[in-house]
$ cat start-v6.txt   # compact mmCIF, C-alpha atoms
# COMPACT_ATOMS: atom_id res chain seq x y z
CA MET A 1 4.21 -21.51 -131.91
CA ALA A 2 1.95 -22.65 -129.02
CA TYR A 3 -1.32 -20.92 -128.48
CA LYS A 4 -3.90 -20.92 -125.75
CA ILE A 5 -7.54 -20.11 -126.29
CA SER A 6 -8.83 -17.31 -124.05
CA PRO A 7 -12.04 -18.44 -122.27
CA ARG A 8 -13.39 -14.87 -122.35
CA THR A 9 -12.72 -13.83 -125.95
CA GLY A 10 -12.24 -17.18 -127.65
CA LYS A 11 -9.08 -15.82 -129.29
CA LYS A 12 -5.71 -17.50 -129.30
CA ARG A 13 -2.99 -16.06 -126.99
CA THR A 14 0.73 -16.35 -127.51
CA LYS A 15 3.16 -17.43 -124.78
CA GLN A 16 4.15 -13.81 -124.24
CA GLN A 17 0.54 -12.85 -123.74
CA GLN A 18 0.09 -15.78 -121.37
CA ALA A 19 3.17 -14.75 -119.34
CA MET A 20 1.96 -11.16 -119.19
CA TYR A 21 -1.45 -12.36 -118.06
CA ARG A 22 0.11 -14.45 -115.28
CA ARG A 23 2.24 -11.51 -114.13
CA ARG A 24 -0.83 -9.30 -113.98
CA ARG A 25 -2.64 -11.90 -111.90
CA ILE A 26 0.34 -12.17 -109.53
CA VAL A 27 0.60 -8.38 -109.16
CA PHE A 28 -3.15 -8.14 -108.60
CA GLY A 29 -2.96 -10.91 -105.98
CA ILE A 30 -0.10 -9.21 -104.13
CA ALA A 31 -1.89 -5.85 -104.22
CA THR A 32 -5.05 -7.48 -102.88
CA VAL A 33 -3.11 -9.08 -100.00
CA LEU A 34 -1.44 -5.75 -99.15
CA VAL A 35 -4.76 -3.89 -99.17
CA LEU A 36 -6.39 -6.51 -96.96
CA SER A 37 -3.41 -6.44 -94.58
CA PHE A 38 -3.61 -2.66 -94.36
CA ILE A 39 -7.34 -2.80 -93.62
CA VAL A 40 -6.79 -5.42 -90.89
CA PHE A 41 -3.98 -3.32 -89.39
CA CYS A 42 -6.17 -0.21 -89.35
CA LEU A 43 -9.03 -2.08 -87.70
CA TYR A 44 -6.67 -3.54 -85.08
CA SER A 45 -5.11 -0.14 -84.33
CA LEU A 46 -8.53 1.47 -84.04
CA THR A 47 -9.69 -1.25 -81.65
CA GLN A 48 -6.60 -0.86 -79.47
CA GLY A 49 -7.07 2.91 -79.44
CA VAL A 50 -10.67 2.59 -78.28
CA VAL A 51 -9.62 0.15 -75.54
CA ALA A 52 -6.85 2.51 -74.37
CA VAL A 53 -9.22 5.50 -74.28
CA ASN A 54 -11.81 3.52 -72.31
CA ARG A 55 -9.10 2.40 -69.87
CA GLU A 56 -7.96 6.00 -69.29
CA ILE A 57 -11.54 7.18 -68.82
CA HIS A 58 -12.18 4.39 -66.32
CA HIS A 59 -8.95 5.22 -64.46
CA ALA A 60 -9.87 8.91 -64.31
CA ASP A 61 -13.34 8.06 -62.99
CA VAL A 62 -11.93 5.77 -60.29
CA TYR A 63 -9.37 8.40 -59.28
CA ALA A 64 -12.03 11.10 -59.09
CA ILE A 65 -14.29 8.86 -57.00
CA SER A 66 -11.44 7.94 -54.64
CA ARG A 67 -10.56 11.62 -54.13
CA LYS A 68 -14.20 12.39 -53.49
CA GLU A 69 -14.66 9.56 -50.99
CA VAL A 70 -11.52 10.32 -48.94
CA PRO A 71 -11.69 13.89 -47.62
CA SER A 72 -8.50 15.58 -46.47
CA PRO A 73 -7.88 16.15 -42.75
CA ILE A 74 -8.49 19.86 -43.27
CA GLN A 75 -11.91 19.12 -44.76
CA GLN A 76 -12.70 16.88 -41.80
CA GLN A 77 -11.55 19.62 -39.47
CA LYS A 78 -13.87 22.15 -41.05
CA SER A 79 -16.86 19.86 -41.36
CA SER A 80 -17.15 17.76 -38.21
CA VAL A 81 -14.11 17.40 -35.94
CA PRO A 82 -13.26 20.42 -33.76
CA ASP A 83 -9.80 21.91 -33.36
CA CYS A 84 -7.71 20.92 -30.39
CA ASP A 85 -7.39 23.88 -28.03
CA ALA A 86 -7.06 24.71 -24.36
CA SER A 87 -10.53 23.28 -23.69
CA ASN A 88 -9.68 19.73 -24.72
CA VAL A 89 -5.89 19.20 -24.70
CA ALA A 90 -2.95 19.75 -22.37
CA LEU A 91 0.54 20.57 -23.67
CA SER A 92 3.81 19.78 -21.96
CA LEU A 93 7.44 20.40 -22.88
CA THR A 94 10.41 18.46 -21.51
CA PRO A 95 14.04 19.35 -22.37
CA ALA A 96 16.65 16.61 -22.68
CA ALA A 97 18.84 18.51 -20.21
CA SER A 98 18.78 21.71 -18.20
CA SER A 99 21.74 23.27 -20.01
CA PHE A 100 24.10 23.02 -22.99
CA GLY A 101 27.12 24.86 -24.33
CA VAL A 102 27.28 27.66 -26.90
CA GLY A 103 27.17 26.13 -30.38
CA GLY A 104 25.33 23.05 -29.13
CA THR A 105 21.73 21.90 -29.59
CA MET A 106 18.86 20.97 -27.30
CA ASP A 107 16.15 18.36 -27.90
CA PHE A 108 12.69 18.89 -26.45
CA THR A 109 9.92 16.32 -26.11
CA ALA A 110 6.68 18.04 -27.06
CA SER A 111 3.54 16.30 -25.82
CA VAL A 112 -0.15 16.90 -26.47
CA LYS A 113 -2.67 14.90 -24.42
CA TYR A 114 -6.42 14.83 -24.91
CA ASN A 115 -8.35 15.70 -21.76
CA GLY A 116 -11.68 16.75 -23.25
CA SER A 117 -15.08 15.14 -22.79
CA GLY A 118 -16.24 14.99 -26.41
CA LYS A 119 -16.55 11.56 -28.03
CA ALA A 120 -15.39 12.87 -31.42
CA GLY A 121 -12.04 14.02 -30.04
CA CYS A 122 -10.20 16.83 -31.80
CA LEU A 123 -7.85 17.41 -34.70
CA ILE A 124 -4.36 18.87 -34.33
CA ASP A 125 -1.34 19.42 -36.55
CA VAL A 126 1.56 17.94 -34.58
CA SER A 127 4.24 19.10 -37.03
CA GLN A 128 6.65 21.87 -36.02
CA ALA A 129 4.36 24.29 -37.84
CA GLY A 130 1.32 23.27 -35.77
CA MET A 131 2.93 22.64 -32.38
CA VAL A 132 5.32 25.57 -32.17
CA LEU A 133 8.37 25.68 -29.93
CA THR A 134 9.32 29.24 -29.00
CA ILE A 135 12.60 30.21 -27.35
CA LYS A 136 12.75 33.57 -25.59
CA SER A 137 15.23 35.69 -23.72
CA GLY A 138 12.99 37.80 -21.54
CA LYS A 139 10.41 39.20 -23.97
CA ASP A 140 12.76 38.86 -26.94
CA VAL A 141 11.80 35.99 -29.28
CA VAL A 142 15.06 34.20 -30.10
CA TRP A 143 13.89 31.21 -32.15
CA LYS A 144 10.65 29.59 -33.38
CA SER A 145 10.19 26.15 -34.91
CA ASN A 146 7.69 27.31 -37.55
CA VAL A 147 9.87 29.84 -39.38
CA CYS A 148 10.74 27.28 -42.06
CA PRO A 149 7.87 25.54 -43.89
CA VAL A 150 7.23 21.87 -43.08
CA ASP A 151 4.62 19.30 -44.10
CA THR A 152 1.52 19.24 -41.93
CA ASP A 153 0.85 16.17 -39.79
CA TYR A 154 -2.77 16.18 -38.67
CA ARG A 155 -3.76 13.72 -35.95
CA LEU A 156 -7.19 12.88 -34.60
CA ILE A 157 -6.89 12.37 -30.86
CA ALA A 158 -9.56 11.34 -28.37
CA LYS A 159 -9.88 10.13 -24.78
CA GLY A 160 -6.68 8.47 -23.58
CA ASP A 161 -4.59 9.62 -26.56
CA GLU A 162 -1.24 11.36 -26.24
CA VAL A 163 1.10 12.33 -29.08
CA LYS A 164 4.78 13.06 -28.51
CA GLN A 165 7.20 14.71 -30.91
CA THR A 166 10.86 15.69 -30.68
CA ILE A 167 11.71 19.27 -31.58
CA THR A 168 15.35 20.34 -31.72
CA TRP A 169 16.53 23.87 -31.03
CA PRO A 170 19.87 24.22 -32.85
CA GLY A 171 21.05 26.83 -30.36
CA VAL A 172 20.84 29.70 -32.84
CA ARG A 173 18.88 32.90 -33.26
CA SER A 174 16.39 32.76 -36.12
CA GLY A 175 15.02 35.65 -38.13
CA SER A 176 11.70 36.26 -39.82
CA GLU A 177 12.72 34.24 -42.90
CA CYS A 178 13.75 30.61 -43.26
CA ALA A 179 17.51 29.99 -43.25
CA ASP A 180 19.84 27.06 -42.65
CA ALA A 181 20.92 26.76 -39.02
CA ALA A 182 24.56 26.78 -40.14
CA ASP A 183 24.05 30.29 -41.52
CA LEU A 184 22.49 31.67 -38.32
CA PRO A 185 24.39 33.08 -35.32
CA ASN A 186 24.72 31.07 -32.13
CA VAL A 187 23.00 32.49 -29.08
CA ASP A 188 25.07 33.95 -26.26
CA ARG A 189 25.45 32.46 -22.83
CA GLY A 190 22.47 33.07 -20.61
CA VAL A 191 19.14 31.75 -19.41
CA TYR A 192 16.37 31.21 -21.94
CA SER A 193 12.76 30.10 -21.64
CA ALA A 194 11.13 27.50 -23.90
CA GLN A 195 7.39 27.12 -24.41
CA LEU A 196 5.14 24.99 -26.61
CA SER A 197 1.98 26.40 -28.20
CA VAL A 198 -0.63 25.46 -30.80
CA GLU A 199 -0.58 27.61 -33.93
CA GLY A 200 -3.74 29.69 -34.19
CA HIS A 201 -4.68 29.13 -30.55
CA ALA A 202 -2.68 31.54 -28.42
CA LYS A 203 -4.16 30.30 -25.14
CA THR A 204 -3.22 26.68 -25.84
CA LYS A 205 0.32 26.44 -24.51
CA SER A 206 2.56 24.59 -22.09
CA GLU A 207 4.22 25.89 -18.98
CA PRO A 208 7.54 27.59 -19.85
CA VAL A 209 10.77 25.79 -18.94
CA GLY A 210 14.18 27.37 -18.34
CA ILE A 211 17.28 26.44 -20.35
CA THR A 212 20.79 27.64 -19.58
CA VAL A 213 23.33 28.17 -22.34
CA GLU A 214 26.82 27.96 -20.87
$ encode --input "start-v6.txt" --output "structure tokens"
Amino acid sequence: MAYKISPRTGKKRTKQQQAMYRRRRIVFGIATVLVLSFIVFCLYSLTQGVVAVNREIHHADVYAISRKEVPSPIQQQKSSVPDCDASNVALSLTPAASSFGVGGTMDFTASVKYNGSGKAGCLIDVSQAGMVLTIKSGKDVVWKSNVCPVDTDYRLIAKGDEVKQTITWPGVRSGSECADAADLPNVDRGVYSAQLSVEGHAKTKSEPVGITVE
């Protein structure tokens, strides 16, 4: 039987003992590699997590700064630029035709032109909620363009500026609540007046124009 002298104990080891010793060394080596791999993986994951957190913090800081540096039009309106009103703008309203049939529609060109003297100009919402088209039959309000909510469209206008928008009256009678034009009754034949005004500034309005529904 072959023996091998152990360098630690000086005793002879059999082949079985030698094989067992080698297996233990192999198992120990594999375990060591696995532990080291796990430690490296943990360190890598931790590093990536720190980088991701720093990136998110930086993004949040940049976003906050950008929001702070770019004030909304409403903030500008309140802080420095005056509202457009009868003292610095002129409104006009032009229908596409003088008449249309029952069940039809009418397009109007709504115009606001700056005629003030201030260098800063003025701020106005030119959406259908800010520049309101009102249709009347005598004193009866038949339809208004601001019954349904729309996105605001603030414009800064100054000397020489003019903004034009198209507003369509669908030829129906609107109520106090928003509804689809298809669900509203058509107006009867007759003569109606149309007028443009600035929301919140009752004196800022155009001359009324007559429209005939045939």
$ residues_around --input "start-v6.txt" --residues "Val112 (chain A)" --least-positions-apart "2" --cutoff "10 Å" --atoms "all atoms listed in the file" --output "NGL selection string"
:A and (84 or 89-93 or 110 or 114-115 or 124 or 126 or 131 or 157 or 161-165 or 196-198 or 205-206)
$ axis_aligned_box --input "start-v6.txt" --around "region 150-159 of chain A" --padding-each-side "6 Å" --output "lines of an AutoDock Vina configuration file"
center_x = -1.3
center_y = 16.0
center_z = -34.4
size_x = 29.1
size_y = 23.7
size_z = 31.3
$ closest_residue --input "start-v6.txt" --among "A:Ser87, A:Gly171, A:Leu43, A:Val35" --to "Lys203 (chain A)" --atoms "all atoms listed in the file"
A:Ser87
$ atom_distance --input "start-v6.txt" --atom1 "CA of Gln195 (chain A)" --atom2 "CA of Val141 (chain A)"
11.0 Å
$ atom_distance --input "start-v6.txt" --atom1 "CA of Gly130 (chain A)" --atom2 "CA of Gly103 (chain A)"
26.6 Å
$ atom_distance --input "start-v6.txt" --atom1 "CA of Gly116 (chain A)" --atom2 "CA of Ile167 (chain A)"
25.0 Å
$ residues_near_point --input "start-v6.txt" --point "(-7.2, 13.9, -34.9)" --cutoff "8 Å" --atoms "all atoms listed in the file" --output "list in words"
Val81, Gly121, Cys122, Leu123, Ile124, Tyr154, Arg155, Leu156, Ile157 and Ala158 of chain A
